[in-house]
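Source file: entry17.pdb; contents: PDB, C-alpha atoms.
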```pdb
ATOM      1  CA  MET Z   1     -22.657 -87.474   9.316
ATOM      2  CA  ASP Z   2     -22.857 -85.143   6.282
ATOM      3  CA  LYS Z   3     -20.143 -82.747   5.115
ATOM      4  CA  LEU Z   4     -21.794 -79.722   6.746
ATOM      5  CA  LYS Z   5     -21.848 -81.381  10.159
ATOM      6  CA  ILE Z   6     -18.234 -82.521   9.719
ATOM      7  CA  ARG Z   7     -17.248 -78.923   8.946
ATOM      8  CA  HIS Z   8     -19.146 -77.656  11.981
ATOM      9  CA  SER Z   9     -17.490 -80.323  14.135
ATOM     10  CA  LEU Z  10     -14.048 -79.162  12.959
ATOM     11  CA  LEU Z  11     -14.954 -75.555  13.781
ATOM     12  CA  LEU Z  12     -15.927 -76.643  17.292
ATOM     13  CA  LEU Z  13     -12.677 -78.605  17.634
ATOM     14  CA  LEU Z  14     -10.699 -75.497  16.640
ATOM     15  CA  THR Z  15     -12.698 -73.560  19.210
ATOM     16  CA  ALA Z  16     -11.797 -76.102  21.890
ATOM     17  CA  SER Z  17      -8.090 -75.811  21.008
ATOM     18  CA  ILE Z  18      -8.134 -72.023  21.278
ATOM     19  CA  TRP Z  19      -9.962 -72.174  24.611
ATOM     20  CA  GLY Z  20      -7.588 -74.812  25.966
ATOM     21  CA  VAL Z  21      -4.575 -72.568  25.467
ATOM     22  CA  ALA Z  22      -6.610 -69.600  26.723
ATOM     23  CA  PHE Z  23      -6.531 -71.102  30.235
ATOM     24  CA  VAL Z  24      -2.803 -70.343  30.241
ATOM     25  CA  ALA Z  25      -3.449 -66.757  29.148
ATOM     26  CA  GLN Z  26      -6.095 -66.378  31.852
ATOM     27  CA  SER Z  27      -3.743 -67.711  34.509
ATOM     28  CA  VAL Z  28      -0.832 -65.481  33.445
ATOM     29  CA  GLY Z  29      -3.112 -62.434  33.192
ATOM     30  CA  MET Z  30      -4.015 -62.799  36.865
ATOM     31  CA  ASP Z  31      -0.413 -61.936  37.746
ATOM     32  CA  TYR Z  32      -1.128 -58.347  36.669
ATOM     33  CA  VAL Z  33      -4.852 -57.591  36.987
ATOM     34  CA  GLY Z  34      -7.942 -58.783  38.839
ATOM     35  CA  PRO Z  35     -10.433 -61.244  37.309
ATOM     36  CA  LEU Z  36     -13.126 -58.634  36.621
ATOM     37  CA  THR Z  37     -10.626 -56.268  34.997
ATOM     38  CA  PHE Z  38      -9.264 -59.088  32.844
ATOM     39  CA  ASN Z  39     -12.730 -60.144  31.653
ATOM     40  CA  CYS Z  40     -13.899 -56.573  31.114
ATOM     41  CA  VAL Z  41     -11.006 -55.709  28.793
ATOM     42  CA  ARG Z  42     -10.970 -59.053  26.969
ATOM     43  CA  SER Z  43     -14.729 -58.954  26.337
ATOM     44  CA  LEU Z  44     -14.717 -55.395  25.024
ATOM     45  CA  LEU Z  45     -11.746 -56.281  22.838
ATOM     46  CA  GLY Z  46     -13.659 -59.288  21.509
ATOM     47  CA  GLY Z  47     -16.615 -57.051  20.662
ATOM     48  CA  VAL Z  48     -14.386 -54.586  18.832
ATOM     49  CA  VAL Z  49     -12.801 -57.357  16.761
ATOM     50  CA  LEU Z  50     -16.210 -58.543  15.563
ATOM     51  CA  ILE Z  51     -17.376 -55.144  14.245
ATOM     52  CA  PRO Z  52     -15.321 -55.281  11.000
ATOM     53  CA  CYS Z  53     -16.293 -58.955  10.634
ATOM     54  CA  ILE Z  54     -19.972 -58.018  10.709
ATOM     55  CA  TRP Z  55     -19.411 -55.204   8.189
ATOM     56  CA  PHE Z  56     -17.611 -57.594   5.829
ATOM     57  CA  LEU Z  57     -20.364 -60.196   6.103
ATOM     58  CA  ASN Z  58     -23.035 -57.542   5.460
ATOM     59  CA  GLN Z  59     -21.208 -56.388   2.330
ATOM     60  CA  PHE Z  60     -20.901 -59.972   1.140
ATOM     61  CA  GLN Z  61     -24.617 -60.553   1.724
ATOM     62  CA  ALA Z  62     -25.523 -57.335  -0.125
ATOM     63  CA  LYS Z  63     -23.484 -58.378  -3.179
ATOM     64  CA  LYS Z  64     -25.067 -61.808  -3.042
ATOM     65  CA  GLU Z  65     -28.497 -60.178  -3.248
ATOM     66  CA  GLY Z  66     -27.540 -57.961  -6.184
ATOM     67  CA  GLY Z  67     -26.560 -54.905  -4.170
ATOM     68  CA  ARG Z  68     -30.158 -54.072  -3.350
ATOM     69  CA  PRO Z  69     -30.866 -52.562   0.073
ATOM     70  CA  ILE Z  70     -32.740 -54.758   2.480
ATOM     71  CA  LEU Z  71     -36.183 -53.223   3.158
ATOM     72  CA  GLU Z  72     -37.339 -52.775   6.732
ATOM     73  CA  SER Z  73     -40.298 -54.967   7.578
ATOM     74  CA  GLU Z  74     -42.250 -56.185  10.580
ATOM     75  CA  GLY Z  75     -40.475 -59.505  10.265
ATOM     76  CA  ARG Z  76     -37.087 -57.798  10.245
ATOM     77  CA  LYS Z  77     -38.020 -55.684  13.280
ATOM     78  CA  GLU Z  78     -39.088 -58.817  15.095
ATOM     79  CA  ASN Z  79     -35.786 -60.448  14.177
ATOM     80  CA  GLN Z  80     -33.894 -57.454  15.603
ATOM     81  CA  LYS Z  81     -35.768 -57.848  18.892
ATOM     82  CA  LYS Z  82     -34.791 -61.517  19.056
ATOM     83  CA  LEU Z  83     -31.197 -60.593  18.225
ATOM     84  CA  MET Z  84     -31.008 -58.078  21.065
ATOM     85  CA  ALA Z  85     -32.750 -60.443  23.486
ATOM     86  CA  GLY Z  86     -30.376 -63.272  22.590
ATOM     87  CA  GLY Z  87     -27.282 -61.063  22.779
ATOM     88  CA  ILE Z  88     -28.240 -59.587  26.149
ATOM     89  CA  LEU Z  89     -29.174 -62.937  27.698
ATOM     90  CA  CYS Z  90     -26.022 -64.615  26.379
ATOM     91  CA  GLY Z  91     -23.957 -61.647  27.588
ATOM     92  CA  ILE Z  92     -25.327 -61.912  31.124
ATOM     93  CA  LEU Z  93     -24.667 -65.657  31.246
ATOM     94  CA  LEU Z  94     -21.218 -65.227  29.715
ATOM     95  CA  CYS Z  95     -20.352 -62.535  32.259
ATOM     96  CA  LEU Z  96     -21.310 -64.760  35.186
ATOM     97  CA  ALA Z  97     -19.672 -67.898  33.775
ATOM     98  CA  THR Z  98     -16.358 -66.320  32.756
ATOM     99  CA  ASN Z  99     -15.944 -64.379  35.976
ATOM    100  CA  PHE Z 100     -16.589 -67.408  38.194
ATOM    101  CA  GLN Z 101     -14.114 -69.325  36.066
ATOM    102  CA  GLN Z 102     -11.542 -66.529  36.128
ATOM    103  CA  MET Z 103     -11.744 -66.171  39.910
ATOM    104  CA  GLY Z 104     -11.349 -69.923  40.293
ATOM    105  CA  ILE Z 105      -8.267 -70.100  38.085
ATOM    106  CA  ALA Z 106      -6.423 -67.971  40.661
ATOM    107  CA  TYR Z 107      -6.699 -70.859  43.166
ATOM    108  CA  THR Z 108      -6.197 -73.962  41.004
ATOM    109  CA  THR Z 109      -4.057 -75.241  38.144
ATOM    110  CA  VAL Z 110      -4.739 -74.630  34.455
ATOM    111  CA  GLY Z 111      -5.293 -78.341  33.759
ATOM    112  CA  LYS Z 112      -7.744 -78.846  36.609
ATOM    113  CA  ALA Z 113      -9.674 -75.729  35.624
ATOM    114  CA  GLY Z 114      -9.954 -77.058  32.078
ATOM    115  CA  PHE Z 115     -11.301 -80.437  33.117
ATOM    116  CA  ILE Z 116     -13.698 -79.053  35.717
ATOM    117  CA  THR Z 117     -15.056 -76.641  33.124
ATOM    118  CA  ALA Z 118     -15.627 -79.673  30.869
ATOM    119  CA  PHE Z 119     -18.163 -80.902  33.428
ATOM    120  CA  TYR Z 120     -20.810 -79.178  31.323
ATOM    121  CA  ILE Z 121     -20.889 -82.425  29.327
ATOM    122  CA  VAL Z 122     -22.935 -83.735  32.266
ATOM    123  CA  ILE Z 123     -25.197 -80.728  32.649
ATOM    124  CA  VAL Z 124     -26.098 -80.153  28.983
ATOM    125  CA  PRO Z 125     -27.854 -83.505  28.388
ATOM    126  CA  ILE Z 126     -29.752 -83.089  31.646
ATOM    127  CA  LEU Z 127     -30.906 -79.640  30.568
ATOM    128  CA  GLY Z 128     -31.699 -81.076  27.138
ATOM    129  CA  MET Z 129     -34.180 -83.476  28.712
ATOM    130  CA  LEU Z 130     -36.222 -80.475  29.821
ATOM    131  CA  PHE Z 131     -36.685 -79.708  26.110
ATOM    132  CA  HIS Z 132     -37.535 -83.314  25.220
ATOM    133  CA  ARG Z 133     -34.095 -84.173  23.823
ATOM    134  CA  LYS Z 134     -33.200 -87.827  24.289
ATOM    135  CA  CYS Z 135     -29.709 -89.097  25.041
ATOM    136  CA  GLY Z 136     -28.495 -92.620  24.339
ATOM    137  CA  PRO Z 137     -26.881 -95.025  26.833
ATOM    138  CA  PHE Z 138     -23.343 -94.089  25.718
ATOM    139  CA  VAL Z 139     -23.980 -90.499  26.774
ATOM    140  CA  TRP Z 140     -25.196 -91.509  30.219
ATOM    141  CA  LEU Z 141     -22.335 -93.949  30.707
ATOM    142  CA  GLY Z 142     -20.094 -91.014  29.810
ATOM    143  CA  VAL Z 143     -21.892 -88.951  32.442
ATOM    144  CA  PHE Z 144     -21.093 -91.587  35.084
ATOM    145  CA  LEU Z 145     -17.424 -91.659  34.084
ATOM    146  CA  ALA Z 146     -17.303 -87.860  34.098
ATOM    147  CA  LEU Z 147     -18.680 -87.752  37.635
ATOM    148  CA  SER Z 148     -16.122 -90.339  38.735
ATOM    149  CA  GLY Z 149     -13.355 -88.359  37.063
ATOM    150  CA  LEU Z 150     -14.512 -85.159  38.724
ATOM    151  CA  TYR Z 151     -14.333 -86.880  42.114
ATOM    152  CA  PHE Z 152     -10.708 -87.947  41.673
ATOM    153  CA  LEU Z 153      -9.804 -84.593  40.156
ATOM    154  CA  CYS Z 154     -11.287 -82.353  42.830
ATOM    155  CA  MET Z 155     -11.945 -84.190  46.085
ATOM    156  CA  GLY Z 156      -9.017 -83.742  48.418
ATOM    157  CA  GLY Z 157      -5.519 -83.431  46.991
ATOM    158  CA  GLU Z 158      -3.930 -80.145  45.996
ATOM    159  CA  GLY Z 159      -7.187 -78.340  45.222
ATOM    160  CA  ALA Z 160      -8.356 -78.163  48.814
ATOM    161  CA  GLN Z 161      -4.857 -77.538  50.118
ATOM    162  CA  THR Z 162      -4.432 -74.546  47.819
ATOM    163  CA  ALA Z 163      -7.488 -72.896  49.326
ATOM    164  CA  GLY Z 164      -6.450 -73.818  52.841
ATOM    165  CA  GLU Z 165      -9.614 -75.868  53.426
ATOM    166  CA  GLY Z 166     -12.694 -77.123  51.646
ATOM    167  CA  ILE Z 167     -15.110 -74.443  50.463
ATOM    168  CA  LEU Z 168     -18.097 -76.434  51.811
ATOM    169  CA  PRO Z 169     -18.293 -78.016  55.306
ATOM    170  CA  GLY Z 170     -17.365 -81.688  55.180
ATOM    171  CA  ILE Z 171     -16.482 -81.605  51.460
ATOM    172  CA  PRO Z 172     -12.738 -81.385  50.733
ATOM    173  CA  ILE Z 173     -12.988 -79.429  47.500
ATOM    174  CA  GLY Z 174     -10.785 -76.409  46.989
ATOM    175  CA  LYS Z 175     -12.050 -72.851  46.596
ATOM    176  CA  GLY Z 176     -10.728 -72.563  43.051
ATOM    177  CA  ASP Z 177     -12.233 -75.896  41.999
ATOM    178  CA  PHE Z 178     -15.614 -74.896  43.417
ATOM    179  CA  LEU Z 179     -15.658 -71.523  41.649
ATOM    180  CA  VAL Z 180     -14.696 -73.107  38.315
ATOM    181  CA  PHE Z 181     -17.433 -75.706  38.842
ATOM    182  CA  ILE Z 182     -20.030 -72.941  39.256
ATOM    183  CA  GLY Z 183     -18.707 -71.475  36.010
ATOM    184  CA  ALA Z 184     -19.215 -74.850  34.307
ATOM    185  CA  LEU Z 185     -22.866 -74.889  35.397
ATOM    186  CA  LEU Z 186     -23.355 -71.429  33.913
ATOM    187  CA  PHE Z 187     -21.568 -72.373  30.675
ATOM    188  CA  SER Z 188     -24.052 -75.253  30.327
ATOM    189  CA  VAL Z 189     -26.979 -72.848  30.377
ATOM    190  CA  HIS Z 190     -25.062 -70.588  27.982
ATOM    191  CA  ILE Z 191     -24.724 -73.465  25.488
ATOM    192  CA  MET Z 192     -28.474 -74.171  25.616
ATOM    193  CA  VAL Z 193     -29.362 -70.504  25.111
ATOM    194  CA  ILE Z 194     -26.988 -70.268  22.134
ATOM    195  CA  ASP Z 195     -28.598 -73.376  20.654
ATOM    196  CA  TYR Z 196     -32.016 -71.706  20.876
ATOM    197  CA  PHE Z 197     -31.135 -68.302  19.434
ATOM    198  CA  THR Z 198     -28.710 -69.335  16.667
ATOM    199  CA  GLN Z 199     -31.625 -71.018  14.889
ATOM    200  CA  ARG Z 200     -33.421 -67.647  14.769
ATOM    201  CA  VAL Z 201     -30.855 -64.819  14.504
ATOM    202  CA  ASP Z 202     -27.440 -63.962  13.044
ATOM    203  CA  GLY Z 203     -24.892 -65.749  15.247
ATOM    204  CA  VAL Z 204     -21.983 -63.357  14.633
ATOM    205  CA  LYS Z 205     -24.048 -60.269  15.480
ATOM    206  CA  MET Z 206     -25.357 -61.976  18.611
ATOM    207  CA  SER Z 207     -21.791 -62.842  19.586
ATOM    208  CA  CYS Z 208     -20.756 -59.188  19.252
ATOM    209  CA  ILE Z 209     -23.661 -58.035  21.426
ATOM    210  CA  GLN Z 210     -22.931 -60.611  24.106
ATOM    211  CA  PHE Z 211     -19.326 -59.412  24.407
ATOM    212  CA  TRP Z 212     -20.331 -55.767  24.811
ATOM    213  CA  VAL Z 213     -22.884 -56.771  27.463
ATOM    214  CA  CYS Z 214     -20.370 -59.016  29.226
ATOM    215  CA  GLY Z 215     -17.691 -56.308  29.105
ATOM    216  CA  ALA Z 216     -20.057 -53.610  30.389
ATOM    217  CA  LEU Z 217     -21.304 -55.712  33.301
ATOM    218  CA  SER Z 218     -17.778 -56.828  34.205
ATOM    219  CA  GLY Z 219     -16.674 -53.185  33.999
ATOM    220  CA  VAL Z 220     -19.310 -52.035  36.478
ATOM    221  CA  ALA Z 221     -18.321 -54.780  38.908
ATOM    222  CA  MET Z 222     -14.643 -54.018  38.278
ATOM    223  CA  PHE Z 223     -14.964 -50.429  39.515
ATOM    224  CA  LEU Z 224     -17.006 -51.573  42.512
ATOM    225  CA  VAL Z 225     -14.712 -54.274  43.893
ATOM    226  CA  GLU Z 226     -11.325 -53.816  42.195
ATOM    227  CA  GLU Z 227      -8.873 -50.980  41.593
ATOM    228  CA  PRO Z 228      -7.935 -51.173  37.907
ATOM    229  CA  HIS Z 229      -4.798 -49.364  36.769
ATOM    230  CA  LEU Z 230      -3.869 -48.754  33.132
ATOM    231  CA  PRO Z 231      -0.146 -49.628  33.623
ATOM    232  CA  ASP Z 232      -1.164 -53.049  35.010
ATOM    233  CA  ILE Z 233      -3.490 -53.639  32.049
ATOM    234  CA  LEU Z 234      -0.726 -52.693  29.615
ATOM    235  CA  MET Z 235       1.678 -55.102  31.338
ATOM    236  CA  ALA Z 236      -0.859 -57.878  30.763
ATOM    237  CA  TRP Z 237      -1.328 -57.006  27.085
ATOM    238  CA  GLN Z 238      -0.216 -60.388  25.739
ATOM    239  CA  PRO Z 239      -2.611 -62.650  27.698
ATOM    240  CA  ILE Z 240      -5.422 -60.091  27.330
ATOM    241  CA  LEU Z 241      -4.828 -59.845  23.584
ATOM    242  CA  TYR Z 242      -4.958 -63.624  23.183
ATOM    243  CA  ALA Z 243      -8.025 -63.968  25.396
ATOM    244  CA  GLY Z 244      -9.781 -61.024  23.743
ATOM    245  CA  VAL Z 245      -9.016 -61.561  20.050
ATOM    246  CA  LEU Z 246      -8.733 -65.350  19.804
ATOM    247  CA  SER Z 247     -10.642 -66.727  22.797
ATOM    248  CA  CYS Z 248     -13.455 -64.161  22.550
ATOM    249  CA  GLY Z 249     -13.540 -62.615  19.090
ATOM    250  CA  VAL Z 250     -12.645 -65.778  17.171
ATOM    251  CA  ALA Z 251     -13.471 -68.812  19.318
ATOM    252  CA  TYR Z 252     -16.869 -67.755  20.662
ATOM    253  CA  THR Z 253     -17.927 -66.823  17.132
ATOM    254  CA  LEU Z 254     -16.723 -70.190  15.842
ATOM    255  CA  GLN Z 255     -18.751 -71.771  18.618
ATOM    256  CA  ILE Z 256     -21.923 -69.985  17.549
ATOM    257  CA  VAL Z 257     -21.374 -70.801  13.867
ATOM    258  CA  GLY Z 258     -20.334 -74.375  14.597
ATOM    259  CA  GLN Z 259     -23.261 -75.052  16.918
ATOM    260  CA  LYS Z 260     -25.795 -74.114  14.263
ATOM    261  CA  GLY Z 261     -27.623 -77.273  13.279
ATOM    262  CA  MET Z 262     -25.672 -79.390  15.802
ATOM    263  CA  ASN Z 263     -27.195 -81.226  18.735
ATOM    264  CA  PRO Z 264     -26.084 -79.195  21.799
ATOM    265  CA  THR Z 265     -25.023 -82.353  23.648
ATOM    266  CA  VAL Z 266     -22.721 -83.401  20.798
ATOM    267  CA  ALA Z 267     -21.432 -79.823  20.512
ATOM    268  CA  SER Z 268     -20.643 -79.690  24.223
ATOM    269  CA  LEU Z 269     -18.742 -82.981  24.014
ATOM    270  CA  ILE Z 270     -16.503 -81.676  21.219
ATOM    271  CA  LEU Z 271     -15.965 -78.357  22.989
ATOM    272  CA  SER Z 272     -15.034 -80.174  26.199
ATOM    273  CA  LEU Z 273     -11.835 -81.358  24.493
ATOM    274  CA  GLU Z 274     -10.489 -77.971  25.576
ATOM    275  CA  SER Z 275      -9.771 -79.740  28.872
ATOM    276  CA  VAL Z 276      -7.158 -81.982  27.268
ATOM    277  CA  ILE Z 277      -5.547 -79.019  25.520
ATOM    278  CA  SER Z 278      -5.479 -77.057  28.784
ATOM    279  CA  VAL Z 279      -3.510 -79.811  30.557
ATOM    280  CA  LEU Z 280      -0.961 -79.996  27.750
ATOM    281  CA  ALA Z 281      -0.700 -76.209  27.570
ATOM    282  CA  GLY Z 282      -0.248 -75.955  31.339
ATOM    283  CA  MET Z 283       2.528 -78.557  31.291
ATOM    284  CA  ILE Z 284       4.359 -77.117  28.274
ATOM    285  CA  LEU Z 285       3.964 -73.377  28.882
ATOM    286  CA  LEU Z 286       3.730 -73.141  32.691
ATOM    287  CA  GLY Z 287       5.448 -76.310  33.870
ATOM    288  CA  GLN Z 288       2.406 -77.362  35.918
ATOM    289  CA  HIS Z 289       1.948 -81.010  36.892
ATOM    290  CA  MET Z 290      -0.775 -83.145  38.466
ATOM    291  CA  ALA Z 291      -0.843 -85.748  41.226
ATOM    292  CA  ALA Z 292      -1.600 -89.389  40.365
ATOM    293  CA  ARG Z 293      -5.248 -89.203  41.493
ATOM    294  CA  GLU Z 294      -5.770 -86.037  39.454
ATOM    295  CA  ILE Z 295      -4.325 -87.705  36.355
ATOM    296  CA  LEU Z 296      -6.728 -90.614  36.935
ATOM    297  CA  GLY Z 297      -9.580 -88.112  37.086
ATOM    298  CA  CYS Z 298      -8.467 -86.575  33.783
ATOM    299  CA  VAL Z 299      -8.285 -90.002  32.134
ATOM    300  CA  LEU Z 300     -11.806 -90.885  33.302
ATOM    301  CA  MET Z 301     -13.221 -87.584  32.085
ATOM    302  CA  PHE Z 302     -11.483 -87.907  28.716
ATOM    303  CA  ALA Z 303     -12.877 -91.441  28.382
ATOM    304  CA  ALA Z 304     -16.316 -90.013  29.126
ATOM    305  CA  ILE Z 305     -15.901 -87.411  26.382
ATOM    306  CA  ILE Z 306     -14.964 -90.037  23.802
ATOM    307  CA  LEU Z 307     -17.538 -92.630  24.909
ATOM    308  CA  ALA Z 308     -20.429 -90.203  24.926
ATOM    309  CA  GLN Z 309     -19.736 -89.306  21.285
ATOM    310  CA  LEU Z 310     -20.040 -92.891  20.031
ATOM    311  CA  PRO Z 311     -23.159 -93.425  17.899
ATOM    312  CA  GLU Z 312     -25.729 -95.926  19.071
ATOM    313  CA  LYS Z 313     -25.980 -99.145  17.120
ATOM    314  CA  GLY Z 314     -28.524 -98.757  14.363
ATOM    315  CA  LYS Z 315     -28.933 -95.025  14.982
ATOM    316  CA  LYS Z 316     -27.294 -91.900  13.649
ATOM    317  CA  GLN Z 317     -24.997 -89.958  15.957
ATOM    318  CA  ASP Z 318     -27.302 -86.951  15.830
ATOM    319  CA  SER Z 319     -29.878 -88.886  17.834
ATOM    320  CA  LEU Z 320     -27.810 -88.340  21.002
TER     321      LEU Z 320
END
```

If you convert what's in this file into structure tokens, what do you get?
Amino acid sequence: MDKLKIRHSLLLLLTASIWGVAFVAQSVGMDYVGPLTFNCVRSLLGGVVLIPCIWFLNQFQAKKEGGRPILESEGRKENQKKLMAGGILCGILLCLATNFQQMGIAYTTVGKAGFITAFYIVIVPILGMLFHRKCGPFVWLGVFLALSGLYFLCMGGEGAQTAGEGILPGIPIGKGDFLVFIGALLFSVHIMVIDYFTQRVDGVKMSCIQFWVCGALSGVAMFLVEEPHLPDILMAWQPILYAGVLSCGVAYTLQIVGQKGMNPTVASLILSLESVISVLAGMILLGQHMAAREILGCVLMFAAIILAQLPEKGKKQDSL
């Protein structure tokens, strides 16, 4: 692995750490506001934070090119169309994924939400096969372990009891676990879309657009199904600030930058380490604990994360 890929891997690891702690902020924020309100404000805040970043990067690029203005061209116009298309599509997916996740967090623990979200390590390689990406045996063994871990983590136990009963007939999975799982499926698609567009457009600008789209869509839904109040939002300023500035403005941008040139399966495996951080953050900051079977599920899923990142014998890791 060359230095550039090592640097990108570290950026993704930092992203995972920020997101892991963000589960605590998301859980605490629900004590004051609804899930749509929380995601609306945090997304708009993330978009605002990125505006000065984009200006700074544009100034840096202009100086690098001798201060000459960039001429408008057909190629540049075409690039702007791709940028808008990527930002809007990513924003729609991000809106759906984060809101399913946020609603689920209200009915489950921070640690369980983190590990269920990490289930996208299973979905991404499957989606990658549709685009002729091959995965080695270590990845698929990791997939099996992840499925086993998900079973022990979600089936029966506190998850179903929290919701009163299983969300699906005959399947003892809690309402919160199920909603977070749907969010994980949507995050998988989000990762694949990011992988496609970051090879063609400016990742930071696309990140800014996706947050404005996500915030706008969440805002419309917020006024339709919730009753947002400014005093409640102000009371939740700390978790919203963390989720908006760090989790959105910083972490999602680091994800886009870090994913550039990385295999999306490998990127998803590194990002899934947020699950481990979420458990530790939940224990330290919220005093949450897990049952024995849930801990076993976490161990299996963590083993899957590590195993699936091992390079095949005689092949480079990027061949995953």

Original post:
What is the distance between CA of Met129 in chain Z and CA of Leu300 in chain Z, in Å to one decimal?
Top reply: 24.0 Å

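Between CA of Gly34 in chain Z and CA of Gly86 in chain Z the separation is 28.1 Å.
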
Pick out the residues sitting within 9 Å of Lys82 in chain Z, and hand them over as a CSV table (one decimal) with C-alpha atoms, in the coordinates of the input; count all atoms listed in the file, and ignore anything fewer than 5 positions along from it in its own chain.
```csv
chain,number,residue,atom,x,y,z
Z,77,LYS,CA,-38.0,-55.7,13.3
Z,87,GLY,CA,-27.3,-61.1,22.8
Z,197,PHE,CA,-31.1,-68.3,19.4
Z,200,ARG,CA,-33.4,-67.6,14.8
Z,201,VAL,CA,-30.9,-64.8,14.5
```

Original post:
Evaluating the PyMOL selection byres ((chain Z and resi 235) around 12) on the displayed file yields which residues, as a PyMOL selection string?
Top reply: chain Z and resi 28-33+38+229-234+236-241

Subject >> Test item: the PyMOL selection byres ((chain Z and resi 213) around 9) resolved as a list in words >> reply: Ser43, Leu44, Gly87, Ile88, Leu89, Cys90, Gly91, Ile92, Leu94, Cys95, Cys208, Ile209, Gln210, Phe211, Trp212, Cys214, Gly215, Ala216, Leu217 and Ser218 of chain Z

Counting only C-alpha atoms, what is within 7 Å of Ala16 in chain Z, bar same-chain residues fewer than 3 positions away, as an mmCIF file with C-alpha atoms, in the frame of the given file?
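After the write, result.cif holds the following:
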```cif
data_model
loop_
_atom_site.group_PDB
_atom_site.id
_atom_site.type_symbol
_atom_site.label_atom_id
_atom_site.label_comp_id
_atom_site.auth_asym_id
_atom_site.auth_seq_id
_atom_site.Cartn_x
_atom_site.Cartn_y
_atom_site.Cartn_z
ATOM 1 C CA LEU Z 12 -15.927 -76.643 17.292
ATOM 2 C CA LEU Z 13 -12.677 -78.605 17.634
ATOM 3 C CA TRP Z 19 -9.962 -72.174 24.611
ATOM 4 C CA GLY Z 20 -7.588 -74.812 25.966
ATOM 5 C CA LEU Z 271 -15.965 -78.357 22.989
ATOM 6 C CA SER Z 272 -15.034 -80.174 26.199
ATOM 7 C CA LEU Z 273 -11.835 -81.358 24.493
ATOM 8 C CA GLU Z 274 -10.489 -77.971 25.576
#
```

**OP:** Would you mind reading off the distance between CA of Ile54 in chain Z and CA of Thr198 in chain Z, one decimal, in Å?
**Re:**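 Separation of CA of Ile54 in chain Z and CA of Thr198 in chain Z: 15.5 Å.
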
**OP:** Apply the PyMOL selection byres ((chain Z and resi 299) around 12) to the displayed file and report the matching residues as a list of chain:residue names.
**Re:**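 Checking the PyMOL selection byres ((chain Z and resi 299) around 12) against this file, the residues are Z:Phe115, Z:Leu145, Z:Ala146, Z:Leu147, Z:Ser148, Z:Gly149, Z:Leu150, Z:Phe152, Z:Leu153, Z:Ser275, Z:Val276, Z:Val279, Z:Met290, Z:Ala292, Z:Arg293, Z:Glu294, Z:Ile295, Z:Leu296, Z:Gly297, Z:Cys298, Z:Leu300, Z:Met301, Z:Phe302, Z:Ala303, Z:Ala304, Z:Ile305, Z:Ile306.
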
**OP:** Considering all atoms listed in the file, state which residue in the set Z:Pro52, Z:Pro137, Z:Asn39, Z:Ser247 is at the smallest distance from Leu307 in chain Z.
**Re:**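 Under the stated criterion, the closest residue is Z:Pro137.
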
**OP:** Show which residues sit within 9 Å of Val122 in chain Z, as a list in words. Count only C-alpha atoms, and ignore same-chain residues fewer than 5 positions away.
**Re:** Val139, Trp140, Gly142, Val143, Phe144, Ala146, Leu147, Ser188 and Thr265 of chain Z

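Ranking Z:Val189, Z:Ala22, Z:Leu224, Z:Leu246 by their shortest atom-to-atom distance to Leu93 in chain Z, with all atoms listed in the file included, puts Z:Val189 first.
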
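Using all atoms listed in the file, the residues found no farther than 8 Å from Lys260 in chain Z, other than those of its own chain fewer than 4 positions away, are His8, Asp195, Thr198, Gln199 and Ile256 of chain Z.
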
Could you write out the selected residues, including C-alpha atoms, as a short mmCIF file (atom, residue, chain, number, x, y, z; two decimals), in the frame of the given file?
```
data_model
loop_
_atom_site.label_atom_id
_atom_site.label_comp_id
_atom_site.auth_asym_id
_atom_site.auth_seq_id
_atom_site.Cartn_x
_atom_site.Cartn_y
_atom_site.Cartn_z
CA HIS Z 8 -19.15 -77.66 11.98
CA ASP Z 195 -28.60 -73.38 20.65
CA THR Z 198 -28.71 -69.33 16.67
CA GLN Z 199 -31.62 -71.02 14.89
CA ILE Z 256 -21.92 -69.98 17.55
#
```

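Distance annotation: of Z:Ser278, Z:Gln288, Z:Ser268, Z:Gln259, the residue with the minimal separation from Lys5 in chain Z is Z:Gln259; atom set is all atoms listed in the file.
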
**OP:** Please identify all polymer residues lying at most 9 Å from the point (-21.1, -68.3, 15.9) (file coordinates), using all atoms listed in the file, and present the result as a VMD selection string.
**Re:** chain Z and resid 194 198 202 to 207 250 to 260
